[in-house]
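Accompanying notes for the structure given below.
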Amino acid sequence: MAPQREWFEKDYYKTLGVSDTASAKEITRAYRKLARELHPDANPGDASAEERFKEVSAAYDVVGDDAKRKEYDEVRKLGPMGGMGGFGPGPGDGANFTYTATDLNDLLGGLFGRGGRRGQGPSRGPGPQRGDDLEAELHLSFLDAVHGVETSVNLVSEAACSTCHGSGAKPGTSPTVCPRCNGRGVLDDNQGFFSFSSPCPNCAGRGTVVSDPCPTCHGRGVERRPRQVKVRIPAGVDDGQRIRLKGRGGPGRNGGPAGDLYVVTHVAADPLFGRDGRNLTITVPVTFPEAALGTKIKVPTLEGDPVTLKLPAGTKSGRVFRVKGRGVQTKRGGGDLLVTVEVAVPQKLSADERRAVEALAEATTASPRAHLGV
Ligand SMILES: [Zn+2]
Ligand SMILES: [Zn+2]
């Protein structure tokens with residue numbers, strides 16, 4: 001992905017509430033927390049939360065990716081925040097030019113050694129453009145998230161027009177080279193040291209014009225339509241995870257590559273089990289006599305037979321027992337089942353039970369609160 005104009009204007013670290021020296025782990029943690037808080041499902045109808053959610057996602061796109069983050073850090077050093085006087089029109093310089101993302105990419109392409117367009121011949125076209133990155137939500141059942149699943153997401157996005165296959169021309173006709181820009185798609189505008197260019201107004205930057213536009217897309221070459229994209233979700237995805245599907249986003253223009261599709265997962269809760277990374281969790285109630293005297297209890301597992309857990313005498317409420325290998329199994333390794341034992345307090349007592357509890361109270365001499373000194 002080429003650096004974007006927004007990189008000059010946005011402080012992605014600030015958006016995520018981290019310092020620009022934060023580790024990748026810290027950034028991911030900050031992103032997950034914000035994504036959960038701001039998620040549209042958690043804030044129905046709250047437009048500002050949704051806007052923030054998008055900003056946070058966009059920020060994580062860049063600084064959550066090692067390679068992009070490196071480039072972004074470079075760009076920040078060059079941009080309005082770091083010297084060179086900025087690229088935009090400054091106050092009082094009177095020059096009323098605009099730069100386009102394409103031009104900046106050229107400029108940055110040069111800075112990063114990828115080669116710019118300028119000076120490479122008189123009549124290159126606007127060149128291939130990468131398609132948009134898209135984001136889609138995917139709701140998963142608890143089990144599907146644990147096992148991984150092959151499913152599909154529905155999204156409405158721009159896609160190559162089905163009538164003209166993207167040319168914009170009425171079927172049977174073809175686009176012709178734009179006479180104003182000779183197919184370059186841009187008109188130059190020299191501003192001292194930098195040569196900026198603006199998109200050709202005659203062809204809207206495409207380099208070609210269509211005299212007989214396609215009736216479906218009115219010459220744009222793209223149409224918005226619902227798409228179904230097949231996705232393979234790996235075993236063990238977490239709630240709120242962002243999965244990048246390379247090349248499944250918006251279509252490229254002029255032969256450029258497609259953008260990426262980011263799938264944000266929402267994992268439904270299970271009535272019995274919880275997740276803690278690769279570990280599964282479950283809370284099991286026991287009676288006071290079971291905890292005090294020790295016992296064996298049966299504990300269900302998500303897959304396969306129940307396991308028998310031996311509680312020693314004097315098990316405290318809240319103690320966690322680990323059942324090895326009964327957690328989420330992923331390619332990178334498996335987790336355990338963490339069983340939290342909780343002493344249940346009966347809400348109602350039969351006459352027999354009441355008598356027994358009263359007898360126990362009678363026999364109990366030491367107060368568990370002795371150390372409080374009151
Ligand atoms: Zn069309
Ligand atoms: Zn033109």
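By order of appearance in the structure tokens: chains A, B, ..., then residues from 1 within every chain, and ligands from 1 in the order shown.
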Residue contacts of stretch 358-360 of chain A (12 Å, only C-alpha atoms) excluding same-chain residues fewer than 5 positions away, as a PyMOL selection string: chain A and resi 288-289+349+351-353+365-366
Export, as a CSV table (one decimal), in the first residue's frame, the selected residues with N, CA, C and O atoms.
chain,number,residue,atom,x,y,z
A,288,PHE,N,-21.1,-26.4,49.9
A,288,PHE,CA,-20.1,-26.2,51.0
A,288,PHE,C,-19.5,-27.5,51.5
A,288,PHE,O,-18.3,-27.6,51.6
A,289,PRO,N,-20.3,-28.5,51.7
A,289,PRO,CA,-19.7,-29.8,52.2
A,289,PRO,C,-18.8,-30.4,51.1
A,289,PRO,O,-17.7,-30.9,51.5
A,349,LEU,N,-33.8,-23.5,52.3
A,349,LEU,CA,-33.3,-24.6,53.0
A,349,LEU,C,-34.5,-25.5,53.4
A,349,LEU,O,-35.5,-24.9,53.9
A,351,ALA,N,-36.2,-28.2,56.1
A,351,ALA,CA,-36.2,-28.2,57.5
A,351,ALA,C,-34.9,-29.0,58.0
A,351,ALA,O,-34.2,-28.6,58.9
A,352,ASP,N,-34.7,-30.1,57.3
A,352,ASP,CA,-33.5,-31.0,57.6
A,352,ASP,C,-32.2,-30.2,57.4
A,352,ASP,O,-31.3,-30.2,58.2
A,353,GLU,N,-32.1,-29.5,56.2
A,353,GLU,CA,-30.9,-28.8,55.9
A,353,GLU,C,-30.7,-27.7,57.0
A,353,GLU,O,-29.6,-27.4,57.4
A,365,THR,N,-16.3,-22.7,66.0
A,365,THR,CA,-15.8,-21.9,67.0
A,365,THR,C,-15.0,-20.7,66.5
A,365,THR,O,-15.1,-19.6,67.0
A,366,ALA,N,-14.2,-21.0,65.5
A,366,ALA,CA,-13.3,-19.9,65.1
A,366,ALA,C,-14.0,-19.0,64.0
A,366,ALA,O,-14.7,-19.5,63.2
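Restricting the atom set to only C-alpha atoms and all ligand atoms, one finds that the residues within 8 Å of ligand 2 amount to A:Val177, A:Cys178, A:Pro179, A:Arg180, A:Cys181, A:Asn182, A:Gly183, A:Arg184, A:Gly185, A:Val186, A:Leu187, A:Pro199, A:Cys200, A:Pro201, A:Asn202, A:Cys203, A:Ala204, A:Gly205, A:Arg206, A:Gly207, A:Thr208, A:Val209.
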Considering only C-alpha atoms and all ligand atoms, tabulate each residue of chain A that lies at most 9 Å from ligand 1 along with its nearest interatomic pair and the corresponding distance in Å to one decimal; arrange the rows by chain and ascending residue number and present them as JSON lines.
{"residue": "A:Ala160", "atom": "CA", "partner": "ligand 1", "partner_atom_place_in_ligand_line": "1 (Zn)", "distance": 7.7}
{"residue": "A:Cys161", "atom": "CA", "partner": "ligand 1", "partner_atom_place_in_ligand_line": "1 (Zn)", "distance": 4.6}
{"residue": "A:Ser162", "atom": "CA", "partner": "ligand 1", "partner_atom_place_in_ligand_line": "1 (Zn)", "distance": 6.4}
{"residue": "A:Thr163", "atom": "CA", "partner": "ligand 1", "partner_atom_place_in_ligand_line": "1 (Zn)", "distance": 4.9}
{"residue": "A:Cys164", "atom": "CA", "partner": "ligand 1", "partner_atom_place_in_ligand_line": "1 (Zn)", "distance": 4.1}
{"residue": "A:His165", "atom": "CA", "partner": "ligand 1", "partner_atom_place_in_ligand_line": "1 (Zn)", "distance": 6.4}
{"residue": "A:Gly166", "atom": "CA", "partner": "ligand 1", "partner_atom_place_in_ligand_line": "1 (Zn)", "distance": 5.9}
{"residue": "A:Ser167", "atom": "CA", "partner": "ligand 1", "partner_atom_place_in_ligand_line": "1 (Zn)", "distance": 6.7}
{"residue": "A:Gly168", "atom": "CA", "partner": "ligand 1", "partner_atom_place_in_ligand_line": "1 (Zn)", "distance": 4.6}
{"residue": "A:Ala169", "atom": "CA", "partner": "ligand 1", "partner_atom_place_in_ligand_line": "1 (Zn)", "distance": 6.5}
{"residue": "A:Lys170", "atom": "CA", "partner": "ligand 1", "partner_atom_place_in_ligand_line": "1 (Zn)", "distance": 7.0}
{"residue": "A:Pro171", "atom": "CA", "partner": "ligand 1", "partner_atom_place_in_ligand_line": "1 (Zn)", "distance": 8.3}
{"residue": "A:Pro213", "atom": "CA", "partner": "ligand 1", "partner_atom_place_in_ligand_line": "1 (Zn)", "distance": 7.5}
{"residue": "A:Cys214", "atom": "CA", "partner": "ligand 1", "partner_atom_place_in_ligand_line": "1 (Zn)", "distance": 4.5}
{"residue": "A:Pro215", "atom": "CA", "partner": "ligand 1", "partner_atom_place_in_ligand_line": "1 (Zn)", "distance": 6.5}
{"residue": "A:Thr216", "atom": "CA", "partner": "ligand 1", "partner_atom_place_in_ligand_line": "1 (Zn)", "distance": 5.0}
{"residue": "A:Cys217", "atom": "CA", "partner": "ligand 1", "partner_atom_place_in_ligand_line": "1 (Zn)", "distance": 4.1}
{"residue": "A:His218", "atom": "CA", "partner": "ligand 1", "partner_atom_place_in_ligand_line": "1 (Zn)", "distance": 6.4}
{"residue": "A:Gly219", "atom": "CA", "partner": "ligand 1", "partner_atom_place_in_ligand_line": "1 (Zn)", "distance": 5.9}
{"residue": "A:Arg220", "atom": "CA", "partner": "ligand 1", "partner_atom_place_in_ligand_line": "1 (Zn)", "distance": 6.6}
{"residue": "A:Gly221", "atom": "CA", "partner": "ligand 1", "partner_atom_place_in_ligand_line": "1 (Zn)", "distance": 4.7}
{"residue": "A:Val222", "atom": "CA", "partner": "ligand 1", "partner_atom_place_in_ligand_line": "1 (Zn)", "distance": 6.4}
{"residue": "A:Glu223", "atom": "CA", "partner": "ligand 1", "partner_atom_place_in_ligand_line": "1 (Zn)", "distance": 7.4}
Coordinates-based distance that separates atom CA of A:Tyr31 from atom CA of A:Glu71 (Å, one decimal):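 So the two atoms, atom CA of A:Glu71 and atom CA of A:Tyr31, lie 19.5 Å apart.
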Shell around A:Thr340 at 9 Å using only C-alpha atoms, local window under 3 positions removed, as number ranges by chain: A: 281-285, 317-322
Kindly save the residues from that selection, with N, CA, C and O atoms included, as a PDB file, in the first residue's frame.
ATOM      1  N   THR A 281     -13.043 -21.369  29.440  1.00  0.00           N
ATOM      2  CA  THR A 281     -13.297 -21.218  30.869  1.00  0.00           C
ATOM      3  C   THR A 281     -14.700 -21.732  31.177  1.00  0.00           C
ATOM      4  O   THR A 281     -15.588 -21.689  30.328  1.00  0.00           O
ATOM      5  N   ILE A 282     -14.878 -22.221  32.388  1.00  0.00           N
ATOM      6  CA  ILE A 282     -16.212 -22.625  32.836  1.00  0.00           C
ATOM      7  C   ILE A 282     -16.258 -22.456  34.350  1.00  0.00           C
ATOM      8  O   ILE A 282     -15.224 -22.616  35.031  1.00  0.00           O
ATOM      9  N   THR A 283     -17.411 -22.084  34.855  1.00  0.00           N
ATOM     10  CA  THR A 283     -17.590 -21.953  36.301  1.00  0.00           C
ATOM     11  C   THR A 283     -18.485 -23.089  36.773  1.00  0.00           C
ATOM     12  O   THR A 283     -19.548 -23.325  36.200  1.00  0.00           O
ATOM     13  N   VAL A 284     -18.035 -23.811  37.788  1.00  0.00           N
ATOM     14  CA  VAL A 284     -18.783 -24.970  38.280  1.00  0.00           C
ATOM     15  C   VAL A 284     -19.144 -24.757  39.749  1.00  0.00           C
ATOM     16  O   VAL A 284     -18.258 -24.606  40.591  1.00  0.00           O
ATOM     17  N   PRO A 285     -20.445 -24.746  40.067  1.00  0.00           N
ATOM     18  CA  PRO A 285     -20.844 -24.585  41.466  1.00  0.00           C
ATOM     19  C   PRO A 285     -20.662 -25.895  42.240  1.00  0.00           C
ATOM     20  O   PRO A 285     -20.872 -26.977  41.689  1.00  0.00           O
ATOM     21  N   SER A 317     -13.610 -21.271  47.514  1.00  0.00           N
ATOM     22  CA  SER A 317     -14.461 -20.789  46.431  1.00  0.00           C
ATOM     23  C   SER A 317     -13.629 -19.887  45.526  1.00  0.00           C
ATOM     24  O   SER A 317     -12.852 -19.062  46.018  1.00  0.00           O
ATOM     25  N   GLY A 318     -13.756 -20.054  44.225  1.00  0.00           N
ATOM     26  CA  GLY A 318     -12.996 -19.219  43.290  1.00  0.00           C
ATOM     27  C   GLY A 318     -11.705 -19.853  42.804  1.00  0.00           C
ATOM     28  O   GLY A 318     -11.071 -19.330  41.893  1.00  0.00           O
ATOM     29  N   ARG A 319     -11.325 -20.986  43.398  1.00  0.00           N
ATOM     30  CA  ARG A 319     -10.090 -21.637  42.963  1.00  0.00           C
ATOM     31  C   ARG A 319     -10.240 -22.154  41.529  1.00  0.00           C
ATOM     32  O   ARG A 319     -11.298 -22.630  41.139  1.00  0.00           O
ATOM     33  N   VAL A 320      -9.164 -22.011  40.754  1.00  0.00           N
ATOM     34  CA  VAL A 320      -9.197 -22.402  39.346  1.00  0.00           C
ATOM     35  C   VAL A 320      -8.381 -23.673  39.136  1.00  0.00           C
ATOM     36  O   VAL A 320      -7.235 -23.756  39.577  1.00  0.00           O
ATOM     37  N   PHE A 321      -9.010 -24.659  38.510  1.00  0.00           N
ATOM     38  CA  PHE A 321      -8.326 -25.903  38.167  1.00  0.00           C
ATOM     39  C   PHE A 321      -8.119 -25.946  36.660  1.00  0.00           C
ATOM     40  O   PHE A 321      -8.979 -25.526  35.900  1.00  0.00           O
ATOM     41  N   ARG A 322      -6.963 -26.457  36.274  1.00  0.00           N
ATOM     42  CA  ARG A 322      -6.625 -26.485  34.843  1.00  0.00           C
ATOM     43  C   ARG A 322      -6.729 -27.900  34.301  1.00  0.00           C
ATOM     44  O   ARG A 322      -6.103 -28.810  34.815  1.00  0.00           O
TER      45      ARG A 322
END
Long-range neighbours of A:Leu140 as JSON, numbers by chain, 7 Å cut-off, only C-alpha atoms, 2 positions minimum in chain: {"A": [138, 142, 144, 145, 265, 266, 267, 268]}
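For A:Thr308, the non-local neighbours within 12 Å, defined as residues at least 2 positions apart in the same chain or in other chains and counting only C-alpha atoms, are A:Thr295, A:Lys296, A:Ile297, A:Lys298, A:Val299, A:Pro300, A:Thr301, A:Asp305, A:Pro306, A:Lys310, A:Leu311, A:Phe321, A:Arg322, A:Val323, A:Val339.
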Restricting it to C-alpha atoms, dump the selection as a PDB file, in the first residue's frame.
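File produced: again_38.pdb:
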ATOM      1  CA  THR A 295     -15.001 -34.662  46.289  1.00  0.00           C
ATOM      2  CA  LYS A 296     -14.910 -35.662  42.660  1.00  0.00           C
ATOM      3  CA  ILE A 297     -17.024 -33.667  40.235  1.00  0.00           C
ATOM      4  CA  LYS A 298     -17.824 -34.146  36.571  1.00  0.00           C
ATOM      5  CA  VAL A 299     -17.070 -31.201  34.354  1.00  0.00           C
ATOM      6  CA  PRO A 300     -18.370 -30.910  30.774  1.00  0.00           C
ATOM      7  CA  THR A 301     -15.895 -30.099  28.003  1.00  0.00           C
ATOM      8  CA  ASP A 305     -16.529 -36.583  27.108  1.00  0.00           C
ATOM      9  CA  PRO A 306     -16.826 -34.850  30.458  1.00  0.00           C
ATOM     10  CA  LYS A 310     -10.791 -34.197  42.045  1.00  0.00           C
ATOM     11  CA  LEU A 311     -11.324 -31.375  44.536  1.00  0.00           C
ATOM     12  CA  PHE A 321      -8.326 -25.903  38.167  1.00  0.00           C
ATOM     13  CA  ARG A 322      -6.625 -26.485  34.843  1.00  0.00           C
ATOM     14  CA  VAL A 323      -7.629 -29.371  32.597  1.00  0.00           C
ATOM     15  CA  VAL A 339     -12.473 -24.603  35.741  1.00  0.00           C
TER      16      VAL A 339
END
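Between atom CA of A:Leu261 and atom CA of A:Asp132 the separation is 8.7 Å.
Between A:Ala24 and the candidates A:Arg69, A:Lys54, A:Arg76, A:Lys10, the tightest atom-to-atom separation, counting only C-alpha atoms, involves A:Arg69.
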Residue neighbourhood A:Lys33, 12 Å, only C-alpha atoms, exclusion window fewer than 5 positions, as JSON, numbers by chain: {"A": [16, 17, 26, 27, 28, 38, 39, 53, 56, 57, 60, 239, 240, 241]}
Keeping only C-alpha atoms, write the selected residues as a JSON list (two decimals), in the first residue's frame.
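Full text of out17.json as output:
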[["chain", "number", "residue", "atom", "x", "y", "z"],
["A", 16, "LEU", "CA", -5.43, 4.96, 19.41],
["A", 17, "GLY", "CA", -4.33, 6.73, 22.58],
["A", 26, "GLU", "CA", 0.44, -2.19, 23.16],
["A", 27, "ILE", "CA", -1.04, -0.90, 19.94],
["A", 28, "THR", "CA", -3.06, -4.05, 19.39],
["A", 38, "LEU", "CA", -16.97, 1.85, 20.04],
["A", 39, "HIS", "CA", -18.37, -1.03, 18.06],
["A", 53, "PHE", "CA", -14.84, 3.30, 15.32],
["A", 56, "VAL", "CA", -9.72, 3.75, 15.12],
["A", 57, "SER", "CA", -9.94, 1.00, 12.50],
["A", 60, "TYR", "CA", -4.91, 0.39, 13.30],
["A", 239, "ASP", "CA", -14.27, -11.53, 19.40],
["A", 240, "GLY", "CA", -13.35, -8.21, 17.79],
["A", 241, "GLN", "CA", -10.49, -9.64, 15.73]]
So that I can check the secondary structure, give me every residue of stretch 112-339 of chain A assigned alpha helix (DSSP H) by backbone DSSP, as a PDB file with N, CA, C and O atoms, in the first residue's frame.
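Saved the output as part.pdb:
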ATOM      1  N   PHE A 142     -20.177 -19.419  18.877  1.00  0.00           N
ATOM      2  CA  PHE A 142     -19.056 -19.728  19.749  1.00  0.00           C
ATOM      3  C   PHE A 142     -18.251 -20.906  19.193  1.00  0.00           C
ATOM      4  O   PHE A 142     -17.026 -20.863  19.110  1.00  0.00           O
ATOM      5  N   LEU A 143     -18.974 -21.943  18.770  1.00  0.00           N
ATOM      6  CA  LEU A 143     -18.303 -23.145  18.257  1.00  0.00           C
ATOM      7  C   LEU A 143     -17.547 -22.885  16.963  1.00  0.00           C
ATOM      8  O   LEU A 143     -16.442 -23.389  16.773  1.00  0.00           O
ATOM      9  N   ASP A 144     -18.164 -22.109  16.055  1.00  0.00           N
ATOM     10  CA  ASP A 144     -17.485 -21.808  14.796  1.00  0.00           C
ATOM     11  C   ASP A 144     -16.194 -21.028  15.040  1.00  0.00           C
ATOM     12  O   ASP A 144     -15.196 -21.232  14.350  1.00  0.00           O
ATOM     13  N   ALA A 145     -16.227 -20.150  16.032  1.00  0.00           N
ATOM     14  CA  ALA A 145     -15.015 -19.386  16.343  1.00  0.00           C
ATOM     15  C   ALA A 145     -13.929 -20.313  16.890  1.00  0.00           C
ATOM     16  O   ALA A 145     -12.748 -20.141  16.617  1.00  0.00           O
ATOM     17  N   VAL A 146     -14.339 -21.310  17.646  1.00  0.00           N
ATOM     18  CA  VAL A 146     -13.379 -22.252  18.216  1.00  0.00           C
ATOM     19  C   VAL A 146     -12.814 -23.178  17.136  1.00  0.00           C
ATOM     20  O   VAL A 146     -11.608 -23.403  17.055  1.00  0.00           O
ATOM     21  N   HIS A 147     -13.686 -23.675  16.270  1.00  0.00           N
ATOM     22  CA  HIS A 147     -13.258 -24.654  15.266  1.00  0.00           C
ATOM     23  C   HIS A 147     -12.696 -24.033  14.001  1.00  0.00           C
ATOM     24  O   HIS A 147     -11.989 -24.687  13.258  1.00  0.00           O
ATOM     25  N   PHE A 288     -21.084 -26.426  49.924  1.00  0.00           N
ATOM     26  CA  PHE A 288     -20.094 -26.199  50.973  1.00  0.00           C
ATOM     27  C   PHE A 288     -19.492 -27.510  51.478  1.00  0.00           C
ATOM     28  O   PHE A 288     -18.261 -27.625  51.596  1.00  0.00           O
ATOM     29  N   PRO A 289     -20.337 -28.549  51.730  1.00  0.00           N
ATOM     30  CA  PRO A 289     -19.734 -29.820  52.160  1.00  0.00           C
ATOM     31  C   PRO A 289     -18.756 -30.385  51.135  1.00  0.00           C
ATOM     32  O   PRO A 289     -17.695 -30.907  51.499  1.00  0.00           O
ATOM     33  N   GLU A 290     -19.071 -30.269  49.832  1.00  0.00           N
ATOM     34  CA  GLU A 290     -18.163 -30.789  48.805  1.00  0.00           C
ATOM     35  C   GLU A 290     -16.821 -30.055  48.864  1.00  0.00           C
ATOM     36  O   GLU A 290     -15.752 -30.659  48.768  1.00  0.00           O
ATOM     37  N   ALA A 291     -16.893 -28.719  49.019  1.00  0.00           N
ATOM     38  CA  ALA A 291     -15.657 -27.932  49.066  1.00  0.00           C
ATOM     39  C   ALA A 291     -14.879 -28.224  50.346  1.00  0.00           C
ATOM     40  O   ALA A 291     -13.652 -28.297  50.340  1.00  0.00           O
ATOM     41  N   ALA A 292     -15.594 -28.390  51.446  1.00  0.00           N
ATOM     42  CA  ALA A 292     -14.925 -28.571  52.737  1.00  0.00           C
ATOM     43  C   ALA A 292     -14.334 -29.979  52.878  1.00  0.00           C
ATOM     44  O   ALA A 292     -13.214 -30.139  53.367  1.00  0.00           O
ATOM     45  N   LEU A 293     -15.064 -30.980  52.399  1.00  0.00           N
ATOM     46  CA  LEU A 293     -14.620 -32.359  52.605  1.00  0.00           C
ATOM     47  C   LEU A 293     -13.813 -32.902  51.437  1.00  0.00           C
ATOM     48  O   LEU A 293     -13.140 -33.913  51.567  1.00  0.00           O
TER      49      LEU A 293
END
